[in-house]
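Visitor: Dropping in my_file.tsv, with TSV, C-alpha atoms and all ligand atoms.
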chain	number	residue	atom	x	y	z
A	1	LEU	CA	-78.56	70.81	70.88
A	2	PRO	CA	-81.74	72.54	69.74
A	3	GLY	CA	-82.77	73.48	73.27
A	4	ALA	CA	-79.46	75.11	74.15
A	5	GLU	CA	-78.38	78.72	73.95
A	6	VAL	CA	-74.88	78.96	72.54
A	7	GLU	CA	-72.79	82.08	73.07
A	8	GLU	CA	-69.22	83.09	72.42
A	9	TRP	CA	-67.54	83.74	75.78
A	10	ARG	CA	-66.38	87.28	76.53
A	11	PRO	CA	-65.48	88.78	79.91
A	12	GLY	CA	-68.73	89.38	81.77
A	13	ALA	CA	-70.75	86.81	79.77
A	14	ALA	CA	-73.86	85.27	81.34
A	15	PRO	CA	-73.34	82.12	83.46
A	16	ALA	CA	-73.24	78.92	81.38
A	17	ASP	CA	-73.73	75.24	82.22
A	18	HIS	CA	-70.97	74.01	79.92
A	19	ALA	CA	-67.90	75.51	78.24
A	20	VAL	CA	-66.32	74.34	74.97
A	21	VAL	CA	-62.74	75.59	74.92
A	22	TRP	CA	-59.20	75.47	73.58
A	23	SER	CA	-56.43	77.17	75.61
A	24	PRO	CA	-58.89	79.15	77.76
A	25	PRO	CA	-57.80	82.00	80.05
A	26	GLN	CA	-58.07	81.72	83.86
A	27	GLN	CA	-60.58	84.61	83.79
A	28	LEU	CA	-63.20	82.40	82.11
A	29	PHE	CA	-63.18	79.95	85.04
A	30	ASP	CA	-62.97	82.69	87.69
A	31	GLU	CA	-66.14	84.24	86.22
A	32	GLN	CA	-67.99	80.93	85.66
A	33	PRO	CA	-67.75	78.95	88.95
A	34	GLN	CA	-71.11	77.26	88.24
A	35	LEU	CA	-69.80	75.32	85.19
A	36	LYS	CA	-70.72	71.64	85.17
A	37	GLY	CA	-68.73	70.54	82.14
A	38	ILE	CA	-65.60	71.88	80.42
A	39	PHE	CA	-65.11	70.32	76.99
A	40	ASN	CA	-61.62	70.60	75.52
A	41	LEU	CA	-61.40	70.84	71.73
A	42	GLY	CA	-58.45	68.45	71.69
A	43	ALA	CA	-57.07	65.30	73.30
A	44	GLY	CA	-54.24	66.92	75.28
A	45	VAL	CA	-55.22	68.82	78.42
A	46	ASP	CA	-51.79	70.09	79.48
A	47	ALA	CA	-52.97	73.71	79.02
A	48	PHE	CA	-55.34	73.18	81.98
A	49	LEU	CA	-52.80	71.83	84.45
A	50	LYS	CA	-51.82	75.28	85.72
A	51	LEU	CA	-55.38	76.68	85.80
A	52	ARG	CA	-57.80	76.75	88.76
A	53	LEU	CA	-61.02	75.12	87.52
A	54	PRO	CA	-64.43	75.25	89.22
A	55	PRO	CA	-64.38	72.37	91.71
A	56	GLY	CA	-67.73	70.96	90.53
A	57	ALA	CA	-66.85	70.94	86.82
A	58	ARG	CA	-65.83	67.84	84.90
A	59	LEU	CA	-62.99	68.43	82.43
A	60	VAL	CA	-63.63	66.29	79.35
A	61	ARG	CA	-61.05	65.68	76.60
A	62	LEU	CA	-61.75	64.70	73.01
A	63	ASP	CA	-61.77	60.93	72.76
A	64	ASP	CA	-60.46	60.07	69.29
A	65	ALA	CA	-63.14	61.98	67.30
A	66	GLY	CA	-61.32	61.06	64.08
A	67	MET	CA	-57.82	61.79	65.39
A	68	SER	CA	-56.47	58.25	65.83
A	69	VAL	CA	-56.69	57.37	62.13
A	70	GLN	CA	-54.92	60.62	61.22
A	71	MET	CA	-52.20	59.93	63.77
A	72	ALA	CA	-51.76	56.37	62.50
A	73	GLU	CA	-51.41	57.68	58.93
A	74	TYR	CA	-48.90	60.34	59.93
A	75	VAL	CA	-46.69	58.02	61.99
A	76	CYS	CA	-46.75	55.19	59.43
A	77	HIS	CA	-45.79	57.71	56.78
A	78	ALA	CA	-42.85	59.00	58.87
A	79	VAL	CA	-41.65	55.46	59.69
A	80	ILE	CA	-41.88	54.29	56.07
A	81	ARG	CA	-40.29	57.45	54.69
A	82	HIS	CA	-37.33	56.95	57.00
A	83	VAL	CA	-36.85	53.18	56.66
A	84	ARG	CA	-37.43	53.11	52.90
A	85	GLU	CA	-35.16	56.19	52.54
A	86	LEU	CA	-37.79	57.99	50.50
A	87	ASP	CA	-36.26	61.32	51.53
A	88	VAL	CA	-32.96	60.22	49.96
A	89	TYR	CA	-34.74	59.16	46.75
A	90	GLU	CA	-36.51	62.54	46.64
A	91	ARG	CA	-33.15	64.31	46.81
A	92	ASP	CA	-31.65	61.97	44.17
A	93	VAL	CA	-34.55	62.44	41.77
A	94	ALA	CA	-34.40	66.22	42.19
A	95	GLN	CA	-30.84	65.96	40.81
A	96	GLY	CA	-31.89	63.66	37.95
A	97	LYS	CA	-30.18	60.69	39.63
A	98	TRP	CA	-31.53	57.12	39.13
A	99	GLY	CA	-30.06	54.80	41.75
A	100	PHE	CA	-31.12	51.98	44.07
A	101	ARG	CA	-30.31	51.59	47.73
A	102	LYS	CA	-29.89	48.25	49.48
A	103	PRO	CA	-33.21	47.11	51.01
A	104	ARG	CA	-33.26	47.35	54.79
A	105	GLU	CA	-34.45	44.57	57.11
A	106	ARG	CA	-37.67	45.46	58.93
A	107	ALA	CA	-36.43	43.48	61.93
A	108	ASP	CA	-33.66	46.07	62.32
A	109	TYR	CA	-36.22	48.88	62.77
A	110	PRO	CA	-38.33	48.11	65.83
A	111	VAL	CA	-40.82	50.89	66.51
A	112	GLY	CA	-41.45	51.90	70.14
A	113	VAL	CA	-44.65	53.80	70.99
A	114	MET	CA	-44.59	55.80	74.23
A	115	GLY	CA	-48.19	56.05	75.40
A	116	LEU	CA	-50.68	53.31	74.54
A	117	GLY	CA	-53.87	55.30	74.97
A	118	VAL	CA	-56.49	56.18	72.38
A	119	LEU	CA	-53.92	57.37	69.85
A	120	GLY	CA	-50.85	55.30	70.78
A	121	ALA	CA	-52.65	51.95	70.69
A	122	ARG	CA	-54.00	52.65	67.19
A	123	VAL	CA	-50.59	53.83	65.99
A	124	ALA	CA	-48.88	50.72	67.38
A	125	GLN	CA	-51.32	48.43	65.62
A	126	ALA	CA	-51.12	50.36	62.35
A	127	VAL	CA	-47.31	50.25	62.27
A	128	GLY	CA	-47.49	46.50	63.01
A	129	GLN	CA	-49.53	46.04	59.82
A	130	PHE	CA	-46.33	46.75	57.89
A	131	ASP	CA	-44.50	43.95	59.76
A	132	TYR	CA	-42.25	46.21	61.79
A	133	PRO	CA	-41.59	44.81	65.27
A	134	VAL	CA	-43.60	47.00	67.68
A	135	VAL	CA	-43.05	47.66	71.38
A	136	GLY	CA	-45.11	49.97	73.59
A	137	TRP	CA	-44.83	51.70	76.95
A	138	SER	CA	-47.55	53.01	79.23
A	139	ARG	CA	-48.15	53.76	82.89
A	140	SER	CA	-50.35	50.73	83.56
A	141	ALA	CA	-49.75	47.28	82.06
A	142	LYS	CA	-51.45	46.57	78.72
A	143	GLU	CA	-52.07	43.64	76.40
A	144	ILE	CA	-52.26	44.62	72.74
A	145	ARG	CA	-52.08	42.00	70.02
A	146	GLY	CA	-48.79	42.16	68.14
A	147	VAL	CA	-47.26	44.70	70.54
A	148	ARG	CA	-44.66	43.82	73.18
A	149	CYS	CA	-45.83	45.96	76.07
A	150	PHE	CA	-43.72	47.55	78.81
A	151	ALA	CA	-45.16	49.53	81.73
A	152	GLY	CA	-44.06	51.98	84.38
A	153	ASP	CA	-40.81	53.78	85.14
A	154	ASP	CA	-39.05	50.50	86.01
A	155	GLN	CA	-39.47	49.19	82.47
A	156	PHE	CA	-38.72	52.43	80.61
A	157	ASP	CA	-35.06	51.62	79.96
A	158	ALA	CA	-35.88	48.13	78.67
A	159	PHE	CA	-38.49	49.69	76.36
A	160	LEU	CA	-35.96	52.22	75.01
A	161	ALA	CA	-33.31	49.51	74.51
A	162	ALA	CA	-35.81	47.52	72.41
A	163	THR	CA	-36.66	50.57	70.23
A	164	ARG	CA	-35.01	52.10	67.19
A	165	ILE	CA	-37.80	54.38	65.98
A	166	LEU	CA	-39.34	56.14	68.97
A	167	VAL	CA	-42.86	57.62	68.72
A	168	CYS	CA	-43.89	59.97	71.55
A	169	LEU	CA	-47.62	59.87	72.35
A	170	VAL	CA	-47.73	60.36	76.11
A	171	PRO	CA	-49.60	63.36	77.52
A	172	LEU	CA	-47.56	66.29	78.82
A	173	THR	CA	-47.54	66.07	82.63
A	174	PRO	CA	-44.92	66.88	85.30
A	175	GLN	CA	-43.79	63.23	84.96
A	176	THR	CA	-43.27	63.38	81.19
A	177	GLU	CA	-41.94	66.94	80.65
A	178	ASN	CA	-38.40	66.78	79.13
A	179	ILE	CA	-38.65	62.97	78.94
A	180	LEU	CA	-36.96	63.02	75.50
A	181	ASN	CA	-33.47	64.08	76.50
A	182	ARG	CA	-29.81	63.17	75.94
A	183	GLU	CA	-29.91	60.38	78.51
A	184	THR	CA	-33.13	58.70	77.38
A	185	LEU	CA	-32.57	59.14	73.63
A	186	SER	CA	-29.06	57.67	74.03
A	187	LYS	CA	-30.65	54.43	75.24
A	188	LEU	CA	-32.29	53.77	71.87
A	189	ARG	CA	-30.70	51.29	69.52
A	190	PRO	CA	-27.87	52.88	67.51
A	191	GLY	CA	-29.10	54.97	64.59
A	192	GLY	CA	-32.31	55.80	66.42
A	193	TYR	CA	-35.05	58.00	64.96
A	194	LEU	CA	-37.51	60.21	66.87
A	195	ILE	CA	-41.11	60.98	65.90
A	196	ASN	CA	-42.60	63.50	68.37
A	197	VAL	CA	-46.32	64.00	67.86
A	198	ALA	CA	-47.30	64.69	71.48
A	199	ARG	CA	-46.06	68.04	72.87
A	200	GLY	CA	-42.93	70.13	72.29
A	201	ALA	CA	-42.09	70.28	76.00
A	202	HIS	CA	-41.45	66.53	76.04
A	203	LEU	CA	-38.25	67.19	74.11
A	204	VAL	CA	-35.04	68.95	75.16
A	205	ASP	CA	-34.32	70.64	71.83
A	206	ALA	CA	-30.56	71.12	72.29
A	207	ASP	CA	-30.10	67.45	73.26
A	208	LEU	CA	-31.76	66.30	70.04
A	209	ILE	CA	-29.55	68.56	67.92
A	210	ALA	CA	-26.40	67.29	69.70
A	211	LEU	CA	-27.36	63.62	69.19
A	212	LEU	CA	-28.16	64.20	65.51
A	213	ASP	CA	-24.93	66.10	64.92
A	214	SER	CA	-22.84	63.41	66.62
A	215	GLY	CA	-24.49	60.74	64.43
A	216	GLN	CA	-25.95	58.86	67.39
A	217	LEU	CA	-29.46	59.54	66.10
A	218	ALA	CA	-30.27	59.24	62.41
A	219	GLY	CA	-33.10	61.77	62.23
A	220	ALA	CA	-36.35	63.12	63.60
A	221	THR	CA	-39.85	64.02	62.46
A	222	LEU	CA	-41.32	66.73	64.71
A	223	ASP	CA	-44.92	67.91	64.64
A	224	VAL	CA	-44.97	69.76	67.98
A	225	PHE	CA	-42.71	72.40	69.51
A	226	ARG	CA	-42.08	74.23	72.79
A	227	ILE	CA	-43.18	77.46	71.16
A	228	GLU	CA	-45.74	77.28	68.35
A	229	PRO	CA	-45.52	78.48	65.66
A	230	LEU	CA	-41.87	77.34	65.68
A	231	PRO	CA	-39.95	80.65	65.94
A	232	ALA	CA	-38.09	81.92	62.86
A	233	GLY	CA	-34.41	81.04	63.12
A	234	HIS	CA	-34.95	77.97	65.33
A	235	PRO	CA	-32.39	75.33	64.23
A	236	PHE	CA	-35.14	72.73	63.67
A	237	TRP	CA	-36.34	74.66	60.60
A	238	THR	CA	-33.21	73.96	58.57
A	239	HIS	CA	-31.55	70.94	60.19
A	240	PRO	CA	-30.90	68.40	57.39
A	241	LYS	CA	-31.92	65.45	59.57
A	242	ILE	CA	-35.17	66.98	60.87
A	243	THR	CA	-38.57	67.03	59.16
A	244	VAL	CA	-40.93	69.68	60.58
A	245	THR	CA	-44.72	69.82	60.26
A	246	PRO	CA	-46.93	72.54	61.84
A	247	HIS	CA	-48.80	70.60	64.59
A	248	THR	CA	-50.95	68.90	62.03
A	249	SER	CA	-50.53	65.16	62.62
A	250	ALA	CA	-54.05	64.76	64.05
A	251	ARG	CA	-56.37	67.73	63.62
A	252	THR	CA	-59.57	68.38	65.49
A	253	LEU	CA	-62.30	67.60	62.94
A	254	ARG	CA	-65.33	69.86	63.17
A	255	ASP	CA	-68.25	67.49	62.56
A	256	GLU	CA	-66.93	64.55	64.63
A	257	THR	CA	-66.06	66.94	67.46
A	258	ILE	CA	-69.46	68.65	67.51
A	259	ALA	CA	-71.22	65.26	67.51
A	260	GLN	CA	-69.06	63.94	70.35
A	261	ILE	CA	-69.36	67.01	72.58
A	262	ALA	CA	-73.11	67.46	71.96
A	263	GLY	CA	-73.67	63.79	72.82
A	264	LYS	CA	-71.69	64.12	76.03
A	265	ILE	CA	-73.50	67.28	77.12
A	266	GLN	CA	-76.81	65.45	76.65
A	267	ALA	CA	-75.51	62.43	78.59
A	268	LEU	CA	-74.28	64.60	81.49
A	269	GLU	CA	-77.63	66.44	81.55
A	270	ARG	CA	-79.37	63.04	81.88
A	271	GLY	CA	-77.06	62.24	84.80
A	272	GLU	CA	-75.11	59.59	82.85
A	273	SER	CA	-71.35	59.10	82.87
A	274	VAL	CA	-69.21	59.88	79.81
A	275	VAL	CA	-65.81	58.66	78.63
A	276	GLY	CA	-62.86	61.02	78.45
A	277	VAL	CA	-63.27	62.70	81.83
A	278	VAL	CA	-59.80	63.87	82.85
A	279	ASP	CA	-58.32	62.71	86.14
A	280	ARG	CA	-56.93	66.05	87.31
A	281	GLU	CA	-54.62	64.45	89.90
A	282	ARG	CA	-53.02	62.27	87.20
A	283	GLY	CA	-52.92	65.17	84.72
A	284	TYR	CA	-54.54	63.40	81.75
B	301	LIG	P1	-54.59	59.00	76.30
B	301	LIG	O1	-55.67	58.16	75.73
B	301	LIG	O2	-54.82	59.67	77.62
B	301	LIG	O3	-53.29	58.06	76.42
B	301	LIG	C1	-52.14	58.46	77.12
B	301	LIG	C2	-51.20	57.26	77.25
B	301	LIG	O4	-49.99	57.70	77.85
B	301	LIG	C3	-51.77	56.15	78.16
B	301	LIG	O5	-51.43	54.89	77.64
B	301	LIG	C4	-51.03	56.39	79.48
B	301	LIG	O6	-50.86	55.23	80.27
B	301	LIG	C5	-49.69	56.87	78.98
B	301	LIG	N1	-48.98	57.63	80.00
B	301	LIG	C6	-49.37	58.77	80.64
B	301	LIG	N2	-48.46	59.15	81.55
B	301	LIG	C7	-47.47	58.23	81.51
B	301	LIG	C8	-46.27	58.06	82.23
B	301	LIG	N3	-45.88	58.91	83.18
B	301	LIG	N4	-45.52	56.98	81.94
B	301	LIG	C9	-45.90	56.09	80.99
B	301	LIG	N5	-47.04	56.20	80.27
B	301	LIG	C10	-47.81	57.26	80.52
B	301	LIG	O7	-54.15	60.14	75.28
B	301	LIG	P2	-54.31	60.16	73.69
B	301	LIG	O8	-55.67	60.53	73.29
B	301	LIG	O9	-53.73	58.90	73.16
B	301	LIG	O10	-53.36	61.41	73.33
B	301	LIG	C11	-51.99	61.42	73.69
B	301	LIG	C12	-51.39	62.80	73.47
B	301	LIG	O11	-51.25	63.06	72.08
B	301	LIG	C13	-52.23	63.98	73.98
B	301	LIG	O12	-52.07	64.16	75.36
B	301	LIG	C14	-51.68	65.13	73.17
B	301	LIG	O13	-50.60	65.74	73.85
B	301	LIG	C15	-51.13	64.46	71.91
B	301	LIG	N6	-51.89	64.84	70.69
B	301	LIG	C16	-51.21	65.45	69.69
B	301	LIG	C17	-51.89	65.78	68.53
B	301	LIG	C18	-51.16	66.43	67.37
B	301	LIG	O14	-51.79	66.85	66.41
B	301	LIG	N7	-49.85	66.49	67.38
B	301	LIG	C19	-53.25	65.49	68.39
B	301	LIG	C20	-53.89	64.87	69.44
B	301	LIG	C21	-53.20	64.55	70.60
B	301	LIG	P3	-52.14	54.45	80.89
B	301	LIG	O15	-52.83	53.82	79.71
B	301	LIG	O16	-51.54	53.46	81.79
B	301	LIG	O17	-52.97	55.50	81.56
B	302	LIG	C1	-53.83	68.36	69.73
B	302	LIG	O1	-52.66	68.55	69.87
B	302	LIG	C2	-54.65	67.73	70.71
B	302	LIG	O2	-54.22	67.59	71.87
B	302	LIG	O3	-55.79	67.36	70.36
Rewrite the coordinates I just gave you, this time as structure tokens.

Guide:
Amino acid sequence: LPGAEVEEWRPGAAPADHAVVWSPPQQLFDEQPQLKGIFNLGAGVDAFLKLRLPPGARLVRLDDAGMSVQMAEYVCHAVIRHVRELDVYERDVAQGKWGFRKPRERADYPVGVMGLGVLGARVAQAVGQFDYPVVGWSRSAKEIRGVRCFAGDDQFDAFLAATRILVCLVPLTPQTENILNRETLSKLRPGGYLINVARGAHLVDADLIALLDSGQLAGATLDVFRIEPLPAGHPFWTHPKITVTPHTSARTLRDETIAQIAGKIQALERGESVVGVVDRERGY
């Protein structure tokens, strides 16, 4: 944007046309009521739901920008590691043990993807490439090749009952907070496995621990947490059935992000519409 002046925001900064932000404070918006565009440096906009934004400003999320391929990689890796028992082989090999385990049937490990948006749809298709049965759930009805799609609250239970490996990729909204709890996770096929790559507040931590300890769930891969960094001493750090990563499944990539946001600022300045404008009523 050669014609633009770019400044780091500090309290009292000059009025700007557009803001590029991650986890911004309320003060920024109180001081900048003239903003036309607010560009979030990520896909999830849950941090904005409790803020008062300038009424004329469009809130724009990152739309893929190189995240969907990372998310597909991460989830496929977690699914394959679990089903092929690669974690067990790692432990065996560390003890100098050479031993085979009985191959598992893919048909016994249907993968259910909650959220079939930019990231979820790509993840569902990527997992399907490895011949796992794939089901998906979203708010509005979808048709995705190779994915059995469920939609809306009425079909949530049927989706869970068809799933053994559950991947959470819905946005965090009042409707989805705590959606991964004892009741819902108990509806998965026996020996269920959770992969949470959306937000920590989707999951009721104590319910997951109880279901893992009782043997109802086989394990979990968690990339996101209620408090980040995950506090020292939290049971997730050391639980033998939980794999933790530090919110890294799909990172914001600098060059793709700059190109996307610069292009959208130019489009808005020309009076054109852009994709990724958040519906603030819906919360995503
Ligand atoms: P998106 O394109 O907005 O897709 C969201 C999907 O969730 C849509 O399919 C939507 O249904 C569905 N959904 C929303 N509310 C629902 C509800 N109440 N019931 C059922 N389905 C619902 O979002 P995205 O770009 O795929 O990103 C998804 C989330 O991933 C983000 O919000 C963020 O929290 C998380 N994320 C995590 C990382 C990480 O590194 N861990 C990185 C990026 C993003 P419709 O299609 O019907 O609207
Ligand atoms: C990361 O979590 C994002 O929402 O982009």

Visitor: Do a neighbour search on range 191-198 of chain A at 6 Å with only C-alpha atoms, toss out local chain neighbours closer than 2 positions, and write the hits as a list in words.

Guide: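 Within the cut-off, the hits are Arg164, Ile165, Leu166, Val167, Cys168, Leu169, Leu188, Arg189, Gln216, Leu217, Ala218, Gly219, Ala220, Thr221, Leu222, Asp223 and Val224 of chain A.
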
Visitor: So that I can check the surroundings of Ala210 in chain A, please list as a VMD selection string every protein, DNA and RNA residue that reaches within 12 Å of it, counting all atoms listed in the file and ignoring chain neighbours fewer than 4 positions away.

Guide: chain A and resid 181 to 183 185 to 186 204 to 206 214 to 219 235 to 236 239 241

Visitor: What residues of the protein or nucleic acid chains come within 12 Å of ligand LIG 302 (chain B) when you use all atoms listed in the file? Reply as a ChimeraX atom specification.

Guide: /A:21-23,39-48,60-68,70-71,118-119,169-172,196-200,223-225,228,246-253,257,284

Visitor: What lies within 8 Å of Leu203 in chain A using only C-alpha atoms, ignoring chain neighbours under 4 positions off, as a count of residues only?

Guide: 7

Visitor: Of the candidates A:Ala94, A:Val277, A:Leu212, A:Ile38, which shows the shortest atom-to-atom distance to ligand LIG 301 (chain B), using only C-alpha atoms and all ligand atoms?

Guide: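 Ranked by minimum distance to ligand LIG 301 (chain B), first place goes to A:Val277.
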
Visitor: Closest to ligand LIG 301 (chain B) among A:Trp9, A:Trp237, A:Tyr109, A:Tyr74, using all atoms listed in the file?

Guide: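 Closest residue, counting all atoms listed in the file: A:Tyr74.
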
Visitor: Suppose you want the space between atom O6 of ligand LIG 301 (chain B) and CA of Ser140 in chain A; what is it in Å?

Guide: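 Interatomic distance here is 5.6 Å.
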